[in-house]
file query-v7.csv (CSV, C-alpha atoms)
chain,number,residue,atom,x,y,z
D,1,MET,CA,-1.5,-7.3,9.9
D,2,VAL,CA,-1.0,-4.9,12.8
D,3,GLY,CA,-1.6,-7.7,15.3
D,4,GLY,CA,0.9,-9.9,13.5
D,5,LEU,CA,3.5,-7.1,13.6
D,6,GLY,CA,2.8,-6.8,17.4
D,7,LEU,CA,3.3,-10.5,18.0
D,8,VAL,CA,6.6,-10.5,16.2
D,9,ALA,CA,7.6,-7.4,18.0
D,10,ALA,CA,6.8,-9.0,21.4
D,11,THR,CA,8.3,-12.5,20.8
D,12,TYR,CA,11.4,-11.3,19.0
D,13,GLY,CA,12.2,-7.7,20.0
D,14,LEU,CA,10.9,-7.7,23.6
D,15,VAL,CA,11.8,-11.2,24.6
D,16,ARG,CA,14.2,-13.2,22.4
D,17,LEU,CA,16.6,-10.5,21.1
D,18,ALA,CA,16.4,-8.2,24.2
D,19,PHE,CA,18.7,-10.7,25.9
D,20,GLY,CA,21.8,-8.9,24.7
D,21,LEU,CA,20.3,-5.5,25.7
D,22,PHE,CA,19.9,-6.5,29.4
D,23,LEU,CA,22.9,-8.9,29.5
D,24,PRO,CA,25.4,-6.6,31.1
D,25,ASP,CA,23.1,-5.7,34.0
D,26,VAL,CA,22.0,-9.3,34.5
D,27,GLN,CA,25.6,-10.4,34.6
D,28,ARG,CA,26.5,-7.9,37.2
D,29,ASP,CA,23.6,-8.9,39.5
D,30,LEU,CA,23.7,-12.7,39.0
D,31,GLY,CA,27.4,-13.0,38.6
D,32,PHE,CA,28.3,-14.9,35.4
D,33,GLY,CA,30.7,-14.2,32.6
D,34,ALA,CA,30.6,-13.7,28.9
D,35,ASP,CA,31.1,-17.4,28.2
D,36,VAL,CA,27.9,-18.3,30.2
D,37,GLY,CA,26.0,-15.5,28.4
D,38,GLY,CA,27.1,-17.0,25.1
D,39,ALA,CA,26.0,-20.5,26.2
D,40,VAL,CA,22.6,-19.2,27.2
D,41,SER,CA,22.1,-17.4,24.0
D,42,SER,CA,23.2,-20.5,22.1
D,43,GLY,CA,20.7,-22.6,24.0
D,44,ALA,CA,17.9,-20.1,23.4
D,45,SER,CA,18.7,-20.4,19.7
D,46,VAL,CA,18.4,-24.1,19.8
D,47,THR,CA,15.0,-24.0,21.5
D,48,TYR,CA,13.9,-21.4,19.0
D,49,CYS,CA,14.7,-24.0,16.3
D,50,VAL,CA,12.5,-26.5,18.2
D,51,GLY,CA,9.6,-24.0,18.1
D,52,ALA,CA,10.2,-23.3,14.4
D,53,VAL,CA,10.2,-27.0,13.5
D,54,ALA,CA,6.8,-27.3,15.3
D,55,GLY,CA,5.6,-24.4,13.2
D,56,PHE,CA,6.9,-26.1,10.1
D,57,LEU,CA,4.7,-29.1,10.8
D,58,LEU,CA,1.6,-27.4,12.3
D,59,ALA,CA,1.3,-24.0,10.6
D,60,GLY,CA,-1.0,-25.2,7.8
D,61,ARG,CA,-3.4,-26.9,10.3
D,62,ALA,CA,-3.2,-25.0,13.6
D,63,ALA,CA,-1.8,-21.5,13.0
D,64,ARG,CA,-4.0,-19.9,15.6
D,65,TRP,CA,-2.9,-22.4,18.3
D,66,LEU,CA,0.7,-21.7,17.4
D,67,VAL,CA,0.0,-18.1,18.3
D,68,VAL,CA,-1.2,-19.3,21.7
D,69,GLY,CA,2.0,-21.3,22.2
D,70,ALA,CA,4.2,-18.4,21.1
D,71,ALA,CA,2.6,-16.0,23.6
D,72,LEU,CA,2.6,-18.5,26.5
D,73,THR,CA,6.2,-19.6,26.1
D,74,ALA,CA,7.6,-16.1,25.4
D,75,GLY,CA,5.4,-14.3,28.0
D,76,ILE,CA,5.7,-16.8,30.9
D,77,GLY,CA,9.4,-17.3,30.1
D,78,ALA,CA,10.1,-13.5,30.3
D,79,ILE,CA,8.2,-13.3,33.6
D,80,ALA,CA,10.3,-16.2,35.0
D,81,MET,CA,13.4,-14.4,33.9
D,82,ALA,CA,12.3,-11.4,35.9
D,83,ALA,CA,11.8,-13.6,39.0
D,84,SER,CA,15.0,-15.6,38.6
D,85,PRO,CA,17.1,-16.0,41.8
D,86,SER,CA,20.1,-17.4,40.1
D,87,ALA,CA,22.0,-17.6,36.8
D,88,ILE,CA,20.8,-21.2,36.3
D,89,VAL,CA,17.1,-20.3,36.6
D,90,PHE,CA,17.6,-17.2,34.5
D,91,GLY,CA,19.3,-19.1,31.7
D,92,ALA,CA,16.7,-21.9,31.7
D,93,SER,CA,13.9,-19.3,31.6
D,94,ALA,CA,15.6,-17.5,28.7
D,95,VAL,CA,15.9,-20.8,26.8
D,96,VAL,CA,12.2,-21.5,27.2
D,97,ALA,CA,11.2,-17.9,26.3
D,98,SER,CA,12.9,-18.2,23.0
D,99,ILE,CA,10.5,-20.9,21.8
D,100,GLY,CA,7.8,-18.3,21.3
D,101,ALA,CA,9.6,-16.5,18.5
D,102,GLY,CA,10.1,-19.8,16.7
D,103,LEU,CA,6.4,-20.6,16.8
D,104,ALA,CA,5.3,-17.0,15.9
D,105,SER,CA,7.0,-16.7,12.4
D,106,PRO,CA,5.4,-19.7,10.6
D,107,ALA,CA,2.1,-19.0,12.3
D,108,MET,CA,2.0,-15.4,11.0
D,109,VAL,CA,3.2,-16.4,7.5
D,110,GLN,CA,0.3,-18.8,7.3
D,111,LEU,CA,-2.2,-16.4,8.7
D,112,VAL,CA,-1.2,-13.5,6.4
D,113,ALA,CA,-1.2,-15.8,3.4
D,114,GLY,CA,-4.8,-16.7,4.2
D,115,ARG,CA,-5.9,-13.1,4.4
D,116,VAL,CA,-3.8,-11.2,1.8
D,117,ASP,CA,-3.5,-12.1,-1.9
D,118,GLY,CA,-1.5,-11.1,-4.9
D,119,ALA,CA,1.2,-8.4,-4.9
D,120,ALA,CA,0.0,-7.1,-1.5
D,121,ARG,CA,0.9,-10.4,0.2
D,122,ASP,CA,4.7,-9.9,-0.1
D,123,ARG,CA,4.4,-6.4,1.3
D,124,ALA,CA,2.2,-7.6,4.1
D,125,GLN,CA,4.7,-10.3,5.0
D,126,ALA,CA,7.5,-7.8,5.0
D,127,VAL,CA,5.6,-5.5,7.3
D,128,VAL,CA,4.7,-8.2,9.8
D,129,ASN,CA,8.3,-9.5,9.7
D,130,SER,CA,9.6,-6.0,10.5
D,131,GLY,CA,7.9,-6.2,13.9
D,132,THR,CA,11.3,-7.1,15.4
D,133,GLY,CA,12.3,-3.5,15.0
D,134,PRO,CA,9.5,-1.9,17.0
D,135,GLY,CA,10.0,-4.6,19.6
D,136,LEU,CA,13.6,-3.7,20.0
D,137,VAL,CA,12.7,0.0,20.3
D,138,ALA,CA,10.1,-0.9,23.0
D,139,ALA,CA,12.7,-2.9,24.8
D,140,GLY,CA,15.2,-0.1,24.6
D,141,LEU,CA,12.6,2.4,26.0
D,142,LEU,CA,11.9,0.0,28.9
D,143,ALA,CA,15.6,-0.1,29.5
D,144,LEU,CA,15.9,3.6,29.6
D,145,VAL,CA,13.1,4.0,32.0
D,146,LEU,CA,13.8,0.9,34.3
D,147,LEU,CA,17.5,0.0,34.2
D,148,PRO,CA,19.3,-1.0,36.3
D,149,ASP,CA,16.0,-2.8,37.4
D,150,TRP,CA,16.1,-5.4,34.6
D,151,ARG,CA,13.7,-7.6,36.5
D,152,ALA,CA,10.9,-5.0,36.1
D,153,ALA,CA,11.7,-4.7,32.4
D,154,TRP,CA,11.4,-8.5,31.8
D,155,ALA,CA,8.2,-8.6,33.8
D,156,VAL,CA,6.6,-5.8,31.6
D,157,ALA,CA,7.8,-7.6,28.5
D,158,GLY,CA,6.2,-10.8,29.6
D,159,VAL,CA,2.8,-9.3,30.4
D,160,VAL,CA,2.8,-7.3,27.1
D,161,THR,CA,3.6,-10.5,25.1
D,162,LEU,CA,0.7,-12.4,26.7
D,163,LEU,CA,-1.8,-9.6,25.9
D,164,VAL,CA,-0.6,-9.2,22.3
D,165,GLY,CA,-0.9,-13.0,21.8
D,166,ALA,CA,-4.5,-13.0,23.1
D,167,ALA,CA,-5.4,-10.2,20.8
D,168,VAL,CA,-3.9,-11.9,17.7
D,169,PHE,CA,-5.6,-15.2,18.6
D,170,LEU,CA,-9.0,-13.5,18.8
D,171,ALA,CA,-8.4,-11.6,15.5
D,172,ALA,CA,-7.2,-14.7,13.7
D,173,GLY,CA,-10.6,-16.3,14.4
D,174,ARG,CA,-12.2,-14.0,11.9
D,175,PRO,CA,-13.0,-15.4,8.4
D,176,GLU,CA,-10.1,-15.5,5.9
D,177,ARG,CA,-10.2,-13.3,2.7
D,178,PRO,CA,-13.4,-13.8,0.8
D,179,ALA,CA,-13.2,-15.8,-2.4
D,180,ASP,CA,-13.2,-13.8,-5.7
D,181,PRO,CA,-16.6,-14.4,-7.3
D,182,GLU,CA,-15.1,-13.9,-10.8
D,183,ARG,CA,-12.3,-16.5,-10.1
D,184,PRO,CA,-13.1,-20.2,-10.2
D,185,ALA,CA,-12.6,-22.0,-6.9
D,186,ASP,CA,-10.3,-24.4,-8.7
D,187,PRO,CA,-8.7,-23.1,-11.9
D,188,GLY,CA,-7.6,-26.5,-12.9
D,189,ARG,CA,-11.1,-27.9,-12.7
D,190,ALA,CA,-12.6,-25.0,-14.7
D,191,ALA,CA,-10.0,-25.5,-17.4
D,192,ASP,CA,-10.6,-29.2,-17.7
D,193,PRO,CA,-14.3,-30.1,-17.9
D,194,GLY,CA,-13.5,-33.8,-17.9
D,195,ARG,CA,-11.7,-33.6,-14.6
D,196,GLN,CA,-14.9,-34.3,-12.6
D,197,ALA,CA,-15.0,-37.8,-14.0
D,198,SER,CA,-11.3,-38.4,-13.5
D,199,THR,CA,-11.3,-37.2,-9.9
D,200,GLY,CA,-14.7,-38.4,-8.7
D,201,HIS,CA,-15.9,-41.5,-7.1
D,202,THR,CA,-18.9,-43.4,-8.5
D,203,ALA,CA,-21.9,-43.1,-6.2
D,204,GLY,CA,-24.4,-45.0,-8.4
D,205,PRO,CA,-25.4,-45.5,-12.0
D,206,GLY,CA,-24.9,-42.2,-13.9
D,207,ARG,CA,-23.8,-40.3,-10.8
D,208,THR,CA,-20.4,-39.0,-9.9
D,209,VAL,CA,-19.3,-37.4,-6.6
D,210,ASP,CA,-16.5,-34.9,-7.2
D,211,VAL,CA,-14.0,-35.1,-4.4
D,212,GLY,CA,-11.6,-32.5,-6.0
D,213,PRO,CA,-7.9,-32.8,-6.5
D,214,PRO,CA,-5.8,-34.8,-4.0
D,215,ALA,CA,-4.6,-32.8,-1.1
D,216,ARG,CA,-1.0,-31.7,-1.1
D,217,PRO,CA,1.2,-33.6,1.4
D,218,VAL,CA,2.1,-31.8,4.6
D,219,LEU,CA,5.8,-32.2,3.8
D,220,PRO,CA,7.2,-31.0,0.4
D,221,GLY,CA,9.0,-33.4,-1.9
D,222,ARG,CA,12.7,-33.9,-2.4
D,223,SER,CA,12.9,-31.4,-5.3
D,224,TRP,CA,11.6,-28.7,-3.0
D,225,PHE,CA,14.4,-29.3,-0.4
D,226,GLY,CA,16.9,-29.4,-3.2
D,227,ALA,CA,15.8,-25.9,-4.4
D,228,GLN,CA,16.3,-24.6,-0.8
D,229,VAL,CA,20.0,-25.5,-0.6
D,230,VAL,CA,21.5,-22.1,-1.4
D,231,PRO,CA,19.2,-20.1,0.9
D,232,VAL,CA,19.7,-22.7,3.7
D,233,VAL,CA,23.5,-22.4,3.5
D,234,VAL,CA,23.6,-18.6,3.4
D,235,ALA,CA,20.9,-18.3,6.2
D,236,LEU,CA,23.2,-20.5,8.4
D,237,LEU,CA,26.2,-18.3,7.7
D,238,PHE,CA,24.2,-15.1,8.2
D,239,GLY,CA,22.9,-16.3,11.5
D,240,ALA,CA,26.4,-17.2,12.7
D,241,GLY,CA,27.8,-13.8,11.8
D,242,SER,CA,24.9,-11.8,13.2
D,243,ALA,CA,25.0,-13.5,16.6
D,244,ALA,CA,27.9,-11.3,17.8
D,245,VAL,CA,25.7,-8.2,17.6
D,246,TRP,CA,22.7,-9.7,19.2
D,247,THR,CA,24.6,-11.2,22.1
D,248,TYR,CA,27.5,-8.8,22.6
D,249,GLY,CA,26.5,-5.6,20.8
D,250,ARG,CA,25.7,-3.5,23.9
D,251,SER,CA,28.5,-5.2,25.8
D,252,ALA,CA,30.9,-4.0,23.2
D,253,LEU,CA,29.8,-0.4,23.6
D,254,VAL,CA,29.9,-0.7,27.4
D,255,GLY,CA,33.4,-2.1,27.2
D,256,ALA,CA,34.5,0.7,24.9
D,257,GLY,CA,33.6,3.2,27.6
D,258,VAL,CA,30.3,4.5,26.0
D,259,PRO,CA,28.0,5.9,28.8
D,260,SER,CA,25.3,3.4,29.8
D,261,GLY,CA,22.5,5.6,28.6
D,262,LEU,CA,24.0,6.0,25.2
D,263,THR,CA,24.4,2.2,24.8
D,264,VAL,CA,20.7,1.8,25.4
D,265,VAL,CA,20.0,4.6,22.9
D,266,ALA,CA,22.1,2.6,20.4
D,267,TRP,CA,19.9,-0.4,21.0
D,268,ILE,CA,16.8,1.8,20.3
D,269,VAL,CA,18.4,3.0,17.1
D,270,LEU,CA,19.1,-0.6,16.1
D,271,GLY,CA,15.4,-1.3,16.7
D,272,ALA,CA,14.4,1.8,14.7
D,273,GLY,CA,16.6,0.5,11.9
D,274,GLY,CA,14.7,-2.7,12.0
D,275,ALA,CA,11.4,-0.9,12.0
D,276,SER,CA,12.4,1.1,8.9
D,277,ALA,CA,12.2,-2.2,7.0
D,278,ALA,CA,8.5,-1.7,7.0
D,279,LEU,CA,8.9,1.7,5.4
D,280,THR,CA,11.2,0.4,2.7
D,281,ALA,CA,9.0,-2.7,2.0
D,282,ARG,CA,7.2,-1.0,-0.9
D,283,TRP,CA,10.6,-0.7,-2.6
D,284,THR,CA,12.2,-3.9,-1.5
D,285,SER,CA,9.2,-6.2,-2.1
D,286,GLY,CA,9.6,-5.5,-5.8
D,287,MET,CA,13.1,-6.9,-5.9
D,288,PRO,CA,14.0,-10.5,-6.8
D,289,ALA,CA,14.8,-12.2,-3.5
D,290,ALA,CA,18.4,-13.0,-4.3
D,291,ARG,CA,19.2,-9.3,-5.2
D,292,LEU,CA,17.5,-8.2,-2.0
D,293,TRP,CA,19.5,-10.7,0.0
D,294,LEU,CA,22.8,-9.3,-1.4
D,295,LEU,CA,21.8,-5.7,-0.6
D,296,THR,CA,20.6,-6.4,2.9
D,297,THR,CA,23.3,-8.7,4.1
D,298,THR,CA,26.1,-6.5,2.6
D,299,ALA,CA,24.7,-3.7,4.7
D,300,ALA,CA,24.7,-5.9,7.8
D,301,ALA,CA,28.3,-7.0,7.2
D,302,VAL,CA,29.4,-3.3,7.0
D,303,ALA,CA,27.6,-2.6,10.2
D,304,VAL,CA,29.1,-5.5,12.1
D,305,LEU,CA,32.6,-4.4,11.0
D,306,ALA,CA,32.0,-0.8,12.0
D,307,LEU,CA,30.8,-1.9,15.5
D,308,GLY,CA,34.0,-4.0,15.9
D,309,LEU,CA,36.4,-1.3,14.8
D,310,LEU,CA,34.7,1.9,16.1
D,311,PRO,CA,32.6,1.1,19.2
D,312,ASP,CA,34.0,4.1,21.0
D,313,VAL,CA,33.0,6.6,18.2
D,314,VAL,CA,29.4,7.2,19.3
D,315,ALA,CA,28.1,8.6,16.0
D,316,ALA,CA,29.6,5.7,14.0
D,317,ALA,CA,28.2,3.2,16.4
D,318,LEU,CA,24.7,4.7,16.2
D,319,VAL,CA,24.8,4.6,12.3
D,320,ALA,CA,26.1,1.1,12.4
D,321,CYS,CA,23.3,0.0,14.8
D,322,ALA,CA,20.7,1.5,12.5
D,323,LEU,CA,22.2,-0.1,9.4
D,324,PHE,CA,22.4,-3.5,11.1
D,325,GLY,CA,18.8,-3.3,12.3
D,326,TRP,CA,17.6,-2.6,8.8
D,327,GLY,CA,19.9,-5.1,7.1
D,328,TYR,CA,19.0,-7.9,9.5
D,329,THR,CA,15.3,-7.4,9.4
D,330,ALA,CA,15.1,-6.9,5.7
D,331,ALA,CA,17.3,-9.9,5.1
D,332,THR,CA,14.9,-12.1,7.0
D,333,GLY,CA,12.2,-10.7,4.8
D,334,ALA,CA,14.3,-11.7,1.8
D,335,LEU,CA,14.4,-15.2,3.1
D,336,ILE,CA,10.6,-15.3,3.2
D,337,ALA,CA,10.4,-13.9,-0.3
D,338,TRP,CA,13.0,-16.4,-1.5
D,339,THR,CA,11.2,-19.5,-0.3
D,340,THR,CA,7.9,-18.1,-1.6
D,341,GLU,CA,9.5,-17.7,-5.0
D,342,ILE,CA,10.5,-21.4,-4.9
D,343,ASP,CA,7.0,-22.6,-4.0
D,344,GLU,CA,4.3,-20.3,-2.8
D,345,GLU,CA,2.1,-23.1,-1.4
D,346,TYR,CA,4.9,-24.1,1.0
D,347,ALA,CA,5.8,-20.6,2.0
D,348,ALA,CA,5.1,-21.2,5.7
D,349,ALA,CA,7.1,-24.4,5.7
D,350,GLY,CA,10.0,-22.8,3.8
D,351,THR,CA,10.0,-19.9,6.3
D,352,ALA,CA,10.2,-22.3,9.2
D,353,VAL,CA,13.1,-24.2,7.6
D,354,LEU,CA,15.1,-21.1,6.8
D,355,PHE,CA,14.5,-19.5,10.1
D,356,VAL,CA,15.4,-22.7,11.9
D,357,VAL,CA,18.7,-22.7,10.0
D,358,LEU,CA,19.2,-18.9,10.6
D,359,VAL,CA,18.9,-19.3,14.3
D,360,ALA,CA,20.9,-22.6,14.3
D,361,GLY,CA,23.6,-20.4,12.9
D,362,GLN,CA,23.0,-17.9,15.7
D,363,ALA,CA,23.5,-20.8,18.2
D,364,LEU,CA,26.8,-21.7,16.7
D,365,GLY,CA,27.8,-18.0,16.3
D,366,ALA,CA,26.9,-17.1,19.9
D,367,ALA,CA,28.9,-20.0,21.3
D,368,ALA,CA,31.9,-19.2,19.1
D,369,ALA,CA,31.7,-15.5,20.0
D,370,GLY,CA,31.5,-16.3,23.7
D,371,ALA,CA,34.6,-18.5,23.4
D,372,LEU,CA,36.5,-15.9,21.3
D,373,VAL,CA,35.6,-12.6,22.9
D,374,GLY,CA,37.5,-13.3,26.2
D,375,PRO,CA,40.9,-14.3,24.8
D,376,ALA,CA,40.8,-12.4,21.5
D,377,GLY,CA,38.8,-9.3,22.3
D,378,THR,CA,35.7,-7.7,21.0
D,379,ALA,CA,37.3,-6.2,17.9
D,380,THR,CA,38.6,-9.4,16.6
D,381,THR,CA,35.4,-11.2,17.4
D,382,PHE,CA,33.3,-8.6,15.4
D,383,ILE,CA,35.7,-8.6,12.5
D,384,ALA,CA,35.5,-12.3,12.2
D,385,ALA,CA,31.7,-12.1,12.4
D,386,ALA,CA,31.6,-9.5,9.7
D,387,GLY,CA,33.6,-11.8,7.5
D,388,VAL,CA,31.1,-14.6,7.9
D,389,VAL,CA,28.2,-12.2,7.1
D,390,ALA,CA,30.1,-11.1,4.0
D,391,VAL,CA,30.5,-14.7,2.8
D,392,ALA,CA,26.8,-15.2,3.3
D,393,ALA,CA,26.1,-12.1,1.2
D,394,GLY,CA,28.3,-13.1,-1.7
D,395,ALA,CA,27.8,-16.9,-1.8
D,396,PRO,CA,24.6,-16.8,-4.0
D,397,LEU,CA,26.5,-14.7,-6.6
D,398,LEU,CA,29.3,-17.3,-6.8
D,399,VAL,CA,26.7,-20.1,-7.1
D,400,ALA,CA,24.8,-18.3,-9.8
D,401,ARG,CA,28.0,-17.5,-11.8
D,402,ARG,CA,29.1,-21.1,-11.6
D,403,SER,CA,25.7,-22.3,-12.8
D,404,LEU,CA,25.8,-19.9,-15.7
D,405,ARG,CA,29.3,-21.1,-16.7
D,406,SER,CA,28.2,-24.7,-16.6
D,407,ALA,CA,25.2,-23.9,-18.7
D,408,VAL,CA,27.3,-22.3,-21.5
D,409,PRO,CA,28.3,-25.0,-24.0
D,410,THR,CA,32.1,-25.4,-24.6
D,411,ARG,CA,33.6,-25.7,-28.0
call {"tool": "encode", "arguments": {"input": "query-v7.csv", "output": "structure tokens"}}
result
Amino acid sequence: MVGGLGLVAATYGLVRLAFGLFLPDVQRDLGFGADVGGAVSSGASVTYCVGAVAGFLLAGRAARWLVVGAALTAGIGAIAMAASPSAIVFGASAVVASIGAGLASPAMVQLVAGRVDGAARDRAQAVVNSGTGPGLVAAGLLALVLLPDWRAAWAVAGVVTLLVGAAVFLAAGRPERPADPERPADPGRAADPGRQASTGHTAGPGRTVDVGPPARPVLPGRSWFGAQVVPVVVALLFGAGSAAVWTYGRSALVGAGVPSGLTVVAWIVLGAGGASAALTARWTSGMPAARLWLLTTTAAAVAVLALGLLPDVVAAALVACALFGWGYTAATGALIAWTTEIDEEYAAAGTAVLFVVLVAGQALGAAAAGALVGPAGTATTFIAAAGVVAVAAGAPLLVARRSLRSAVPTR
């Protein structure tokens, strides 16, 4: 579990989401504007989705090798960003580096599910998923120590990611959780003594070879996808609204005149807020997923609005960063819990689908914010983003209320 948290911290916090932290310094040295920064962030979100789709298809069969792919793409991509001589090379490297986070999430969901059972599983998933926060804190500390030398910071992030990936790969080779000796290997077979004859193949007179129940297909059925519609829609909206903070959060503080050191501290606070999701996991893991989603995304919406309206009030900005970090990280945990509630056996596949949609929303949101922030200003951009997050928070309630009304018979 610790290794999984470290892999998420590295691929998400140190590499993928640190883009917005170092963006003002990279822009200054490589000479590109906010629109190009938004386009690179959008492209990185698209390649994240490519990685997550690969995770969707391969997590059940090759989770350890997905860890390798995550570490290599994120680690080498970050090192290439450090060595970039131009905006084009930097952007291309950032786009490649983002694949690693897409591969890491479904891999870790699958590996945790194979090693933790029962009620502890949801808590373990929440803890691993909260690794984004410590990664953001680590990125912020690197920035405090090394900026304006962003190249050194990206190089350190790349090396750390490669080392963490190697450690997780080796640890994942250990045996999965031992079988419970008091629990039948196949509850269905234990409950149905005649199942052996119905599922076996005849091997000769009086002999039957039990081949067990048919394997579940790699891809879930149509009803499973139908059950995912609501979480898919709200994940898309939440991703679009949160993109303003991930891409332009520090830039908004810099533009408001906040001293550079304090803007980095704000990013560290954001990461600490994300890390606190692990501390609240014991409480939040007992909630129904839809209720947890409402709570966490509402907190994120308030935080985005505060950053848009009060970026020059340092205390308010710091509180907003902490609230956003917790809300965002805990909301992604709610998505994992939500798809697990729908079908536990396809939890890794569901996580991949929802995270793909979440980051596809970030791609759209980053591009839209990049186009809007120039002509309309930071405040307007963040207010619009907060509105999108608020819609994502409230949409499940509207759907549930409509379903309840349709279920009540009319006279």
call {"tool": "residues_around", "arguments": {"input": "query-v7.csv", "residues": "region 32-45 of chain D", "least_positions_apart": "4", "cutoff": "6 Å", "atoms": "only C-alpha atoms", "output": "count of residues only"}}
result
9
call {"tool": "closest_atom_pairs", "arguments": {"input": "query-v7.csv", "of": "region 240-337 of chain D", "to": "region 351-357 of chain D", "cutoff": "10 Å", "atoms": "only C-alpha atoms", "output": "tab-separated table"}}
result
residue	atom	partner	partner_atom	distance
D:Ala240	CA	D:Val357	CA	9.8
D:Thr332	CA	D:Phe355	CA	8.0
D:Gly333	CA	D:Thr351	CA	9.6
D:Leu335	CA	D:Leu354	CA	7.0
D:Ile336	CA	D:Thr351	CA	5.6
D:Ala337	CA	D:Thr351	CA	8.9
call {"tool": "atom_distance", "arguments": {"input": "query-v7.csv", "atom1": "CA of Ala10 (chain D)", "atom2": "CA of Ala71 (chain D)"}}
result
8.5 Å
call {"tool": "closest_residue", "arguments": {"input": "query-v7.csv", "among": "D:Gly271, D:Thr340, D:Leu141, D:Ser276", "to": "Ala227 (chain D)", "atoms": "all atoms listed in the file"}}
result
D:Thr340
call {"tool": "residues_around", "arguments": {"input": "query-v7.csv", "residues": "Ala300 (chain D)", "least_positions_apart": "3", "cutoff": "12 Å", "atoms": "only C-alpha atoms", "output": "MDAnalysis selection string"}}
result
chainID D and resid 238:239 241:245 270 273:274 293:297 303:307 319:332 382 385:393
call {"tool": "residues_around", "arguments": {"input": "query-v7.csv", "residues": "Val15 (chain D)", "least_positions_apart": "6", "cutoff": "10 Å", "atoms": "only C-alpha atoms", "output": "number ranges by chain"}}
result
D: 8-9, 74-75, 77-79, 81, 94, 97-98, 100-101, 135-136, 139, 154, 157-158, 161
call {"tool": "residues_around", "arguments": {"input": "query-v7.csv", "residues": "Gly377 (chain D)", "least_positions_apart": "6", "cutoff": "10 Å", "atoms": "only C-alpha atoms", "output": "PyMOL selection string"}}
result
chain D and resi 252+308+369
call {"tool": "closest_residue", "arguments": {"input": "query-v7.csv", "among": "D:Val156, D:Gly261, D:Gly60, D:Phe225", "to": "Gly114 (chain D)", "atoms": "all atoms listed in the file"}}
result
D:Gly60
call {"tool": "atom_distance", "arguments": {"input": "query-v7.csv", "atom1": "CA of Ala124 (chain D)", "atom2": "CA of Ala281 (chain D)"}}
result
8.6 Å
call {"tool": "atom_distance", "arguments": {"input": "query-v7.csv", "atom1": "CA of Leu144 (chain D)", "atom2": "CA of Val265 (chain D)"}}
result
7.9 Å
call {"tool": "residues_near_point", "arguments": {"input": "query-v7.csv", "point": "(16.2, 3.9, 26.8)", "cutoff": "12 Å", "atoms": "all atoms listed in the file", "output": "ChimeraX atom specification"}}
result
/D:21-22,136-148,153,260-271
call {"tool": "residues_near_point", "arguments": {"input": "query-v7.csv", "point": "(8.8, -21.0, 13.5)", "cutoff": "6 Å", "atoms": "all atoms listed in the file", "output": "number ranges by chain"}}
result
D: 51-52, 55, 102-106, 352
call {"tool": "write_last_selection", "arguments": {"input": "query-v7.csv", "atoms": "C-alpha atoms", "output": "PDB file, in the frame of the given file"}}
result
ATOM      1  CA  GLY D  51       9.600 -24.000  18.100  1.00  0.00           C
ATOM      2  CA  ALA D  52      10.200 -23.300  14.400  1.00  0.00           C
ATOM      3  CA  GLY D  55       5.600 -24.400  13.200  1.00  0.00           C
ATOM      4  CA  GLY D 102      10.100 -19.800  16.700  1.00  0.00           C
ATOM      5  CA  LEU D 103       6.400 -20.600  16.800  1.00  0.00           C
ATOM      6  CA  ALA D 104       5.300 -17.000  15.900  1.00  0.00           C
ATOM      7  CA  SER D 105       7.000 -16.700  12.400  1.00  0.00           C
ATOM      8  CA  PRO D 106       5.400 -19.700  10.600  1.00  0.00           C
ATOM      9  CA  ALA D 352      10.200 -22.300   9.200  1.00  0.00           C
TER      10      ALA D 352
END
